[in-house]
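Chemist: Okay, so here is entry.cif, and as you'll see once you scroll down, it has mmCIF, C-alpha atoms.
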data_query
#
loop_
_atom_site.group_PDB
_atom_site.id
_atom_site.type_symbol
_atom_site.label_atom_id
_atom_site.label_comp_id
_atom_site.auth_asym_id
_atom_site.auth_seq_id
_atom_site.Cartn_x
_atom_site.Cartn_y
_atom_site.Cartn_z
ATOM 1 C CA MET A 215 0.000 0.000 0.000
ATOM 2 C CA ASN A 216 1.320 3.400 -1.001
ATOM 3 C CA THR A 217 0.555 5.597 2.027
ATOM 4 C CA GLU A 218 1.382 8.746 0.059
ATOM 5 C CA LYS A 219 -1.714 8.223 -2.100
ATOM 6 C CA LEU A 220 -4.110 8.052 0.852
ATOM 7 C CA ASN A 221 -6.669 10.859 0.861
ATOM 8 C CA PHE A 222 -6.688 11.987 4.505
ATOM 9 C CA ASP A 223 -7.966 15.443 3.533
ATOM 10 C CA LYS A 224 -11.368 14.146 2.393
ATOM 11 C CA SER A 225 -12.611 13.610 5.979
ATOM 12 C CA GLY A 226 -10.669 16.273 7.802
ATOM 13 C CA GLY A 227 -7.433 14.366 8.299
ATOM 14 C CA LEU A 228 -9.027 11.030 9.170
ATOM 15 C CA LEU A 229 -9.733 7.809 7.287
ATOM 16 C CA PRO A 230 -12.399 5.250 8.251
ATOM 17 C CA VAL A 231 -10.876 1.874 9.074
ATOM 18 C CA VAL A 232 -12.749 -1.430 9.043
ATOM 19 C CA ALA A 233 -11.185 -4.240 11.088
ATOM 20 C CA GLN A 234 -11.805 -7.717 9.690
ATOM 21 C CA ASP A 235 -10.764 -11.086 11.091
ATOM 22 C CA ALA A 236 -8.048 -12.295 8.698
ATOM 23 C CA GLU A 237 -9.048 -15.938 9.181
ATOM 24 C CA THR A 238 -12.870 -15.859 9.205
ATOM 25 C CA ASN A 239 -13.477 -12.602 7.255
ATOM 26 C CA ILE A 240 -15.901 -11.489 9.988
ATOM 27 C CA VAL A 241 -16.130 -7.705 10.338
ATOM 28 C CA LEU A 242 -15.105 -6.848 13.899
ATOM 29 C CA MET A 243 -15.316 -3.084 14.285
ATOM 30 C CA GLN A 244 -14.856 0.306 12.644
ATOM 31 C CA GLY A 245 -12.739 3.230 13.724
ATOM 32 C CA TRP A 246 -10.724 6.182 12.420
ATOM 33 C CA MET A 247 -7.040 6.784 11.689
ATOM 34 C CA ASN A 248 -4.957 9.853 11.099
ATOM 35 C CA ARG A 249 -1.462 9.623 9.621
ATOM 36 C CA GLU A 250 0.119 9.199 13.049
ATOM 37 C CA ALA A 251 -2.223 6.329 13.971
ATOM 38 C CA LEU A 252 -1.439 4.573 10.701
ATOM 39 C CA ALA A 253 2.299 4.967 11.234
ATOM 40 C CA LYS A 254 1.964 3.633 14.805
ATOM 41 C CA THR A 255 -0.067 0.672 13.561
ATOM 42 C CA MET A 256 2.489 -0.220 10.908
ATOM 43 C CA GLN A 257 5.343 0.127 13.386
ATOM 44 C CA SER A 258 3.794 -1.886 16.234
ATOM 45 C CA SER A 259 1.487 -4.283 14.297
ATOM 46 C CA LYS A 260 -1.211 -3.426 16.871
ATOM 47 C CA LEU A 261 -4.257 -1.721 15.398
ATOM 48 C CA THR A 262 -4.175 1.884 16.539
ATOM 49 C CA PHE A 263 -6.974 4.381 16.000
ATOM 50 C CA PHE A 264 -7.418 8.093 16.519
ATOM 51 C CA SER A 265 -10.142 8.500 19.153
ATOM 52 C CA ARG A 266 -12.336 11.467 18.291
ATOM 53 C CA SER A 267 -13.884 11.500 21.758
ATOM 54 C CA LYS A 268 -10.526 11.346 23.596
ATOM 55 C CA ASN A 269 -8.734 13.410 20.948
ATOM 56 C CA ARG A 270 -5.676 11.143 21.026
ATOM 57 C CA LEU A 271 -4.222 7.936 19.611
ATOM 58 C CA TRP A 272 -5.872 4.823 21.009
ATOM 59 C CA ILE A 273 -4.445 1.316 20.730
ATOM 60 C CA LYS A 274 -7.313 -1.158 20.542
ATOM 61 C CA GLY A 275 -6.913 -3.357 23.639
ATOM 62 C CA GLU A 276 -4.725 -0.951 25.603
ATOM 63 C CA SER A 277 -6.999 -1.398 28.629
ATOM 64 C CA SER A 278 -8.483 -4.864 28.076
ATOM 65 C CA GLY A 279 -5.517 -6.584 26.453
ATOM 66 C CA ASN A 280 -7.754 -7.600 23.545
ATOM 67 C CA PHE A 281 -5.397 -6.299 20.891
ATOM 68 C CA LEU A 282 -6.040 -6.610 17.171
ATOM 69 C CA LEU A 283 -2.784 -7.815 15.632
ATOM 70 C CA VAL A 284 -2.490 -6.492 12.103
ATOM 71 C CA LYS A 285 -1.662 -8.933 9.308
ATOM 72 C CA ASP A 286 -2.315 -6.591 6.388
ATOM 73 C CA ILE A 287 -3.791 -3.172 5.588
ATOM 74 C CA LEU A 288 -5.511 -2.473 2.288
ATOM 75 C CA ALA A 289 -6.775 0.787 0.810
ATOM 76 C CA ASP A 290 -9.943 0.946 -1.269
ATOM 77 C CA CYS A 291 -9.962 2.048 -4.917
ATOM 78 C CA ASP A 292 -10.394 5.731 -3.961
ATOM 79 C CA ASN A 293 -7.698 5.660 -1.269
ATOM 80 C CA ASP A 294 -10.145 7.115 1.275
ATOM 81 C CA CYS A 295 -10.965 4.003 3.325
ATOM 82 C CA LEU A 296 -8.818 1.269 4.883
ATOM 83 C CA LEU A 297 -9.394 -2.419 5.561
ATOM 84 C CA ALA A 298 -7.280 -3.897 8.348
ATOM 85 C CA LYS A 299 -6.964 -7.685 8.255
ATOM 86 C CA VAL A 300 -6.291 -8.652 11.862
ATOM 87 C CA GLU A 301 -5.819 -11.506 14.287
ATOM 88 C CA PRO A 302 -7.926 -10.718 17.387
ATOM 89 C CA ALA A 303 -6.341 -11.490 20.754
ATOM 90 C CA GLY A 304 -9.795 -11.464 22.356
ATOM 91 C CA PRO A 305 -13.304 -10.051 21.860
ATOM 92 C CA ALA A 306 -13.275 -6.952 19.682
ATOM 93 C CA CYS A 307 -16.325 -5.313 21.287
ATOM 94 C CA HIS A 308 -16.361 -3.690 24.746
ATOM 95 C CA THR A 309 -19.557 -5.702 25.431
ATOM 96 C CA GLY A 310 -17.542 -8.915 25.328
ATOM 97 C CA GLN A 311 -18.863 -9.972 21.912
ATOM 98 C CA ASP A 312 -16.455 -11.117 19.218
ATOM 99 C CA THR A 313 -17.682 -8.315 16.950
ATOM 100 C CA CYS A 314 -19.193 -4.872 17.509
ATOM 101 C CA PHE A 315 -21.903 -5.798 15.003
ATOM 102 C CA GLY A 316 -23.527 -8.472 17.185
ATOM 103 C CA GLU A 317 -23.752 -12.250 17.342
ATOM 104 C CA ASP A 318 -25.992 -12.442 14.263
ATOM 105 C CA ASN A 319 -23.265 -10.773 12.232
ATOM 106 C CA THR A 320 -20.759 -13.341 13.461
ATOM 107 C CA LEU A 321 -22.962 -16.156 12.221
ATOM 108 C CA ALA A 322 -23.613 -14.345 8.948
ATOM 109 C CA GLY A 323 -19.901 -13.764 8.504
ATOM 110 C CA ARG A 324 -19.135 -17.446 8.927
ATOM 111 C CA LYS A 325 -21.828 -18.376 6.431
ATOM 112 C CA ALA A 326 -20.471 -15.828 3.959
ATOM 113 C CA ALA A 327 -16.968 -17.206 4.371
ATOM 114 C CA ASP A 328 -18.247 -20.750 3.853
ATOM 115 C CA LYS A 329 -20.164 -19.626 0.765
ATOM 116 C CA GLU A 330 -17.097 -17.922 -0.654
ATOM 117 C CA ASP A 331 -14.981 -21.040 -0.111
ATOM 118 C CA GLU A 332 -17.686 -23.190 -1.688
ATOM 119 C CA HIS A 333 -17.970 -21.046 -4.810
ATOM 120 C CA GLY A 334 -14.300 -20.195 -5.245
ATOM 121 C CA GLY A 335 -14.666 -16.560 -4.140
ATOM 122 C CA LEU A 336 -17.567 -15.702 -6.479
ATOM 123 C CA ALA A 337 -19.485 -14.271 -3.510
ATOM 124 C CA PHE A 338 -17.139 -11.293 -3.819
ATOM 125 C CA LEU A 339 -19.093 -10.182 -6.901
ATOM 126 C CA ASP A 340 -22.021 -9.324 -4.613
ATOM 127 C CA GLU A 341 -19.682 -7.331 -2.384
ATOM 128 C CA LEU A 342 -18.190 -5.528 -5.388
ATOM 129 C CA GLU A 343 -21.660 -4.636 -6.661
ATOM 130 C CA SER A 344 -22.552 -3.098 -3.289
ATOM 131 C CA ILE A 345 -19.367 -1.028 -3.357
ATOM 132 C CA LEU A 346 -20.035 0.197 -6.887
ATOM 133 C CA ARG A 347 -23.625 1.150 -6.018
ATOM 134 C CA SER A 348 -22.316 3.259 -3.140
ATOM 135 C CA ARG A 349 -20.012 5.101 -5.564
ATOM 136 C CA GLN A 350 -22.999 6.442 -7.531
ATOM 137 C CA SER A 351 -23.310 9.302 -5.057
ATOM 138 C CA ALA A 352 -19.555 9.875 -4.673
ATOM 139 C CA ASP A 353 -17.693 12.947 -5.906
ATOM 140 C CA PRO A 354 -16.680 12.367 -9.566
ATOM 141 C CA SER A 355 -13.522 14.391 -8.979
ATOM 142 C CA THR A 356 -12.238 11.798 -6.501
ATOM 143 C CA SER A 357 -13.779 8.557 -7.792
ATOM 144 C CA TYR A 358 -13.257 6.909 -11.180
ATOM 145 C CA THR A 359 -16.410 4.863 -10.670
ATOM 146 C CA ALA A 360 -18.437 7.995 -9.927
ATOM 147 C CA ARG A 361 -17.047 9.608 -13.088
ATOM 148 C CA LEU A 362 -18.146 6.566 -15.091
ATOM 149 C CA PHE A 363 -21.690 6.773 -13.710
ATOM 150 C CA ALA A 364 -21.782 10.508 -14.454
ATOM 151 C CA SER A 365 -20.597 9.982 -18.042
ATOM 152 C CA GLY A 366 -23.795 8.143 -18.990
ATOM 153 C CA PRO A 367 -24.655 4.767 -20.524
ATOM 154 C CA GLY A 368 -23.049 5.512 -23.903
ATOM 155 C CA ARG A 369 -19.602 6.142 -22.429
ATOM 156 C CA ILE A 370 -19.885 3.207 -20.049
ATOM 157 C CA ALA A 371 -20.917 0.890 -22.884
ATOM 158 C CA LYS A 372 -17.966 2.140 -24.942
ATOM 159 C CA LYS A 373 -15.616 1.244 -22.080
ATOM 160 C CA VAL A 374 -17.156 -2.234 -21.919
ATOM 161 C CA GLY A 375 -16.452 -2.613 -25.640
ATOM 162 C CA GLU A 376 -12.862 -1.415 -25.239
ATOM 163 C CA GLU A 377 -12.232 -3.845 -22.387
ATOM 164 C CA ALA A 378 -13.780 -6.696 -24.393
ATOM 165 C CA VAL A 379 -11.385 -5.995 -27.281
ATOM 166 C CA GLU A 380 -8.416 -5.916 -24.900
ATOM 167 C CA LEU A 381 -9.516 -9.247 -23.439
ATOM 168 C CA ILE A 382 -9.703 -10.763 -26.935
ATOM 169 C CA LEU A 383 -6.189 -9.532 -27.730
ATOM 170 C CA GLU A 384 -4.797 -10.966 -24.501
ATOM 171 C CA ALA A 385 -6.508 -14.295 -25.220
ATOM 172 C CA GLU A 386 -4.136 -14.671 -28.161
ATOM 173 C CA SER A 387 -0.985 -13.535 -26.368
ATOM 174 C CA GLY A 388 -0.618 -16.466 -23.976
ATOM 175 C CA ASP A 389 0.034 -14.210 -20.945
ATOM 176 C CA ARG A 390 -2.214 -15.722 -18.279
ATOM 177 C CA GLN A 391 -1.906 -12.887 -15.746
ATOM 178 C CA ARG A 392 -2.654 -10.157 -18.280
ATOM 179 C CA PHE A 393 -5.656 -12.167 -19.514
ATOM 180 C CA VAL A 394 -7.025 -12.403 -15.957
ATOM 181 C CA GLU A 395 -6.454 -8.666 -15.425
ATOM 182 C CA GLU A 396 -8.338 -7.778 -18.608
ATOM 183 C CA ALA A 397 -11.164 -10.172 -17.649
ATOM 184 C CA ALA A 398 -11.416 -8.388 -14.294
ATOM 185 C CA ASP A 399 -11.511 -4.990 -16.048
ATOM 186 C CA LEU A 400 -14.318 -6.222 -18.302
ATOM 187 C CA LEU A 401 -16.389 -7.574 -15.387
ATOM 188 C CA TYR A 402 -15.922 -4.319 -13.458
ATOM 189 C CA HIS A 403 -17.154 -2.156 -16.348
ATOM 190 C CA MET A 404 -20.012 -4.580 -17.095
ATOM 191 C CA ASP A 405 -21.102 -4.290 -13.461
ATOM 192 C CA VAL A 406 -21.097 -0.486 -13.669
ATOM 193 C CA LEU A 407 -23.226 -0.644 -16.832
ATOM 194 C CA LEU A 408 -25.684 -3.092 -15.271
ATOM 195 C CA ILE A 409 -26.092 -0.865 -12.208
ATOM 196 C CA HIS A 410 -26.548 2.217 -14.388
ATOM 197 C CA ARG A 411 -29.382 0.385 -16.183
ATOM 198 C CA GLY A 412 -30.995 -0.471 -12.834
ATOM 199 C CA MET A 413 -29.876 -4.091 -12.853
ATOM 200 C CA GLY A 414 -27.175 -6.303 -11.394
ATOM 201 C CA TRP A 415 -25.499 -9.705 -11.596
ATOM 202 C CA LYS A 416 -28.675 -11.341 -10.267
ATOM 203 C CA ASP A 417 -30.514 -10.367 -13.458
ATOM 204 C CA VAL A 418 -27.804 -11.973 -15.574
ATOM 205 C CA VAL A 419 -27.763 -15.119 -13.436
ATOM 206 C CA ASP A 420 -31.562 -15.356 -13.599
ATOM 207 C CA GLU A 421 -31.402 -15.223 -17.401
ATOM 208 C CA LEU A 422 -28.736 -17.936 -17.460
ATOM 209 C CA ARG A 423 -30.922 -20.107 -15.237
ATOM 210 C CA VAL A 424 -33.895 -19.652 -17.600
ATOM 211 C CA ARG A 425 -31.731 -20.677 -20.541
ATOM 212 C CA HIS A 426 -30.313 -23.637 -18.627
ATOM 213 C CA SER A 427 -33.756 -24.882 -17.618
ATOM 214 C CA GLY A 428 -34.843 -24.838 -21.245
ATOM 215 C CA SER A 429 -31.780 -26.646 -22.592
#
Please lay out the structure from this file as structure tokens.

Modeler:
Amino acid sequence: MNTEKLNFDKSGGLLPVVAQDAETNIVLMQGWMNREALAKTMQSSKLTFFSRSKNRLWIKGESSGNFLLVKDILADCDNDCLLAKVEPAGPACHTGQDTCFGEDNTLAGRKAADKEDEHGGLAFLDELESILRSRQSADPSTSYTARLFASGPGRIAKKVGEEAVELILEAESGDRQRFVEEAADLLYHMDVLLIHRGMGWKDVVDELRVRHSGS
């Protein structure tokens, strides 16, 4: 992760940080980081937030001992939100629950992880679609996805066509990684176009099921 690209200015010097169990993919909690908190986290490997109520750095677990040991930190596509993949040393919530989002979320998280394993990670397409839908209301000056939505269906469709051509060219080159990258670009732009038309992957899957049932 290139920390120089992070957009701390967008939210007044802070970035939202989502803590996720690196093993189960369960979302544990959400907090905020400034540059100092991020540097402290990377130096100590203990998730460190900036507490807005205390107006100081706050190491998660500094009182309880329930630290969140950081395995990886990822920035989103707009560099204005962070995902911390962590190993919890105890319950993440001050209530004693594993997650701040309740026991139901823990169960849902395990089911989602099982589903993702079962389908080879395809469940991520649902997650991606949710992220892209949220970008519809983002500032086009800071979000490529928002700029795509603002450009209209003609421009989006043109991008889908361009990505399809690039995928075809890579199919003949023999470079597996480049082929996968172009396939990902095509799926991303197709998803944007579907959303712009008021649809999603479910509509495509439903059509495939109709065709399959009639074959």

Chemist: Find, counting only C-alpha atoms, the residue in A:Pro367, A:Arg361, A:Asp235, A:Leu288 that gets nearest to Gly412 of chain A.

Modeler: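 Once distances to Gly412 of chain A are computed over only C-alpha atoms, the minimum belongs to A:Pro367.
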
Chemist: Using the chain letters and numbers from this file, what does the PyMOL selection byres ((chain A and resi 266) around 12) select? Give the answer as a list in words.

Modeler: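 For this structure, the PyMOL selection byres ((chain A and resi 266) around 12) resolves to Gly226, Gly227, Leu228, Leu229, Pro230, Gly245, Trp246, Met247, Asn248, Phe263, Phe264, Ser265, Ser267, Lys268, Asn269, Arg270, Leu271 and Trp272 of chain A.
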
Chemist: Could you check how far atom CA of Lys299 of chain A sits from atom CA of Tyr358 of chain A, in Å to one decimal?

Modeler: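 Straight-line distance from atom CA of Lys299 of chain A to atom CA of Tyr358 of chain A works out to 25.1 Å.
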
Chemist: Nearest to Cys295 of chain A: which of A:Lys416, A:Arg347, A:Lys254, A:Lys224 is it, counting all atoms listed in the file?

Modeler: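 That would be A:Lys224, the residue with the smallest distance to Cys295 of chain A.
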
Chemist: Where does the PyMOL selection byres ((chain A and resi 275) around 12) land in this file, that is, which residues does it pick, as a ChimeraX atom specification?

Modeler: /A:260-263,272-274,276-283,302-308

Chemist: Around all the atoms of segment 377-394 of chain A listed in the file, with 4 Å of room on each side, what axis-aligned box do you get, giving centre and edge lengths in Å to one decimal, as JSON?

Modeler:
{"center_x": -6.9, "center_y": -10.2, "center_z": -22.0, "size_x": 21.8, "size_y": 20.6, "size_z": 20.4}

Chemist: List the residues sitting within 12 Å of (-12.6, -5.8, -10.2) in the file's frame, using all atoms listed in the file, as a ChimeraX atom specification.

Modeler: /A:290-291,336,338-343,345-346,359,394-406

Chemist: Select, counting all atoms listed in the file, all protein, DNA and RNA residues no farther than 7 Å from (-1.2, -4.9, 12.0) in file coordinates, and express the selection as a PyMOL selection string.

Modeler: chain A and resi 255-256+259-261+283-286+300

Chemist: So the first atom is atom CA of Gln234 of chain A and the second is atom CA of Phe315 of chain A; what is the distance between them in Å, to one decimal place?

Modeler: 11.6 Å

Chemist: Excluding same-chain residues fewer than 2 positions from Asn216 of chain A, what lies within 10 Å of it counting only C-alpha atoms, as a count of residues only?

Modeler: 6

Chemist: Which one is closest to Ser225 of chain A: A:Asp294, A:Leu252, A:Asp312, A:Asp353? Count all atoms listed in the file.

Modeler: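 Looking at the shortest contact to Ser225 of chain A, the residue is A:Asp294.
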
Chemist: Between atom CA of Lys372 of chain A and atom CA of Asp389 of chain A, what is the spacing in Å?

Modeler: 24.6 Å

Chemist: Please provide as number ranges by chain all residues within 6 Å of segment 382-384 of chain A, with the sequence filter that same-chain residues fewer than 3 positions apart are discarded (counting all atoms listed in the file).

Modeler: A: 379, 387, 393

Chemist: When distances are computed from only C-alpha atoms, which of A:Ala253, A:Ile287, A:Asp292, A:Asp417 shows the smallest separation from Ser355 of chain A?

Modeler: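 So, comparing all the options, the nearest one is A:Asp292.
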
Chemist: Considering only C-alpha atoms, can you say which of A:Ser344, A:Thr313, A:Ser365, A:Gln244 comes closest to Trp415 of chain A?

Modeler: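 When distances to Trp415 of chain A are compared using only C-alpha atoms, the smallest one comes from A:Ser344.
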
Chemist: Could N, CA and C atoms be built for segment 402-423 of chain A and written out as a PDB file, in the coordinates of the input?

Modeler:
ATOM      1  N   TYR A 402     -15.698  -5.566 -14.210  1.00  0.00           N
ATOM      2  CA  TYR A 402     -15.922  -4.319 -13.458  1.00  0.00           C
ATOM      3  C   TYR A 402     -16.789  -3.351 -14.270  1.00  0.00           C
ATOM      4  N   HIS A 403     -16.415  -3.118 -15.532  1.00  0.00           N
ATOM      5  CA  HIS A 403     -17.154  -2.156 -16.348  1.00  0.00           C
ATOM      6  C   HIS A 403     -18.545  -2.680 -16.703  1.00  0.00           C
ATOM      7  N   MET A 404     -18.681  -4.009 -16.877  1.00  0.00           N
ATOM      8  CA  MET A 404     -20.012  -4.580 -17.095  1.00  0.00           C
ATOM      9  C   MET A 404     -20.901  -4.353 -15.881  1.00  0.00           C
ATOM     10  N   ASP A 405     -20.330  -4.489 -14.690  1.00  0.00           N
ATOM     11  CA  ASP A 405     -21.102  -4.290 -13.461  1.00  0.00           C
ATOM     12  C   ASP A 405     -21.587  -2.849 -13.364  1.00  0.00           C
ATOM     13  N   VAL A 406     -20.710  -1.899 -13.685  1.00  0.00           N
ATOM     14  CA  VAL A 406     -21.097  -0.486 -13.669  1.00  0.00           C
ATOM     15  C   VAL A 406     -22.256  -0.242 -14.640  1.00  0.00           C
ATOM     16  N   LEU A 407     -22.176  -0.830 -15.839  1.00  0.00           N
ATOM     17  CA  LEU A 407     -23.226  -0.644 -16.832  1.00  0.00           C
ATOM     18  C   LEU A 407     -24.542  -1.265 -16.372  1.00  0.00           C
ATOM     19  N   LEU A 408     -24.471  -2.453 -15.791  1.00  0.00           N
ATOM     20  CA  LEU A 408     -25.684  -3.092 -15.271  1.00  0.00           C
ATOM     21  C   LEU A 408     -26.359  -2.223 -14.217  1.00  0.00           C
ATOM     22  N   ILE A 409     -25.554  -1.703 -13.287  1.00  0.00           N
ATOM     23  CA  ILE A 409     -26.092  -0.865 -12.208  1.00  0.00           C
ATOM     24  C   ILE A 409     -26.712   0.399 -12.786  1.00  0.00           C
ATOM     25  N   HIS A 410     -26.034   0.996 -13.770  1.00  0.00           N
ATOM     26  CA  HIS A 410     -26.548   2.217 -14.388  1.00  0.00           C
ATOM     27  C   HIS A 410     -27.907   1.968 -15.048  1.00  0.00           C
ATOM     28  N   ARG A 411     -28.112   0.747 -15.552  1.00  0.00           N
ATOM     29  CA  ARG A 411     -29.382   0.385 -16.183  1.00  0.00           C
ATOM     30  C   ARG A 411     -30.408  -0.122 -15.166  1.00  0.00           C
ATOM     31  N   GLY A 412     -30.073  -0.041 -13.871  1.00  0.00           N
ATOM     32  CA  GLY A 412     -30.995  -0.471 -12.834  1.00  0.00           C
ATOM     33  C   GLY A 412     -31.026  -1.973 -12.624  1.00  0.00           C
ATOM     34  N   MET A 413     -29.945  -2.638 -12.990  1.00  0.00           N
ATOM     35  CA  MET A 413     -29.876  -4.091 -12.853  1.00  0.00           C
ATOM     36  C   MET A 413     -28.616  -4.493 -12.100  1.00  0.00           C
ATOM     37  N   GLY A 414     -28.354  -5.799 -12.073  1.00  0.00           N
ATOM     38  CA  GLY A 414     -27.175  -6.303 -11.394  1.00  0.00           C
ATOM     39  C   GLY A 414     -26.876  -7.711 -11.857  1.00  0.00           C
ATOM     40  N   TRP A 415     -25.891  -8.345 -11.208  1.00  0.00           N
ATOM     41  CA  TRP A 415     -25.499  -9.705 -11.596  1.00  0.00           C
ATOM     42  C   TRP A 415     -26.659 -10.683 -11.439  1.00  0.00           C
ATOM     43  N   LYS A 416     -27.549 -10.427 -10.490  1.00  0.00           N
ATOM     44  CA  LYS A 416     -28.675 -11.341 -10.267  1.00  0.00           C
ATOM     45  C   LYS A 416     -29.531 -11.452 -11.532  1.00  0.00           C
ATOM     46  N   ASP A 417     -29.715 -10.336 -12.236  1.00  0.00           N
ATOM     47  CA  ASP A 417     -30.514 -10.367 -13.458  1.00  0.00           C
ATOM     48  C   ASP A 417     -29.859 -11.235 -14.526  1.00  0.00           C
ATOM     49  N   VAL A 418     -28.535 -11.165 -14.599  1.00  0.00           N
ATOM     50  CA  VAL A 418     -27.804 -11.973 -15.574  1.00  0.00           C
ATOM     51  C   VAL A 418     -27.891 -13.449 -15.205  1.00  0.00           C
ATOM     52  N   VAL A 419     -27.701 -13.730 -13.900  1.00  0.00           N
ATOM     53  CA  VAL A 419     -27.763 -15.119 -13.436  1.00  0.00           C
ATOM     54  C   VAL A 419     -29.158 -15.691 -13.654  1.00  0.00           C
ATOM     55  N   ASP A 420     -30.187 -14.886 -13.387  1.00  0.00           N
ATOM     56  CA  ASP A 420     -31.562 -15.356 -13.599  1.00  0.00           C
ATOM     57  C   ASP A 420     -31.795 -15.726 -15.063  1.00  0.00           C
ATOM     58  N   GLU A 421     -31.259 -14.928 -15.978  1.00  0.00           N
ATOM     59  CA  GLU A 421     -31.402 -15.223 -17.401  1.00  0.00           C
ATOM     60  C   GLU A 421     -30.676 -16.516 -17.775  1.00  0.00           C
ATOM     61  N   LEU A 422     -29.485 -16.708 -17.199  1.00  0.00           N
ATOM     62  CA  LEU A 422     -28.736 -17.936 -17.460  1.00  0.00           C
ATOM     63  C   LEU A 422     -29.495 -19.158 -16.937  1.00  0.00           C
ATOM     64  N   ARG A 423     -30.146 -18.996 -15.794  1.00  0.00           N
ATOM     65  CA  ARG A 423     -30.922 -20.107 -15.237  1.00  0.00           C
ATOM     66  C   ARG A 423     -32.109 -20.452 -16.142  1.00  0.00           C
TER      67      ARG A 423
END
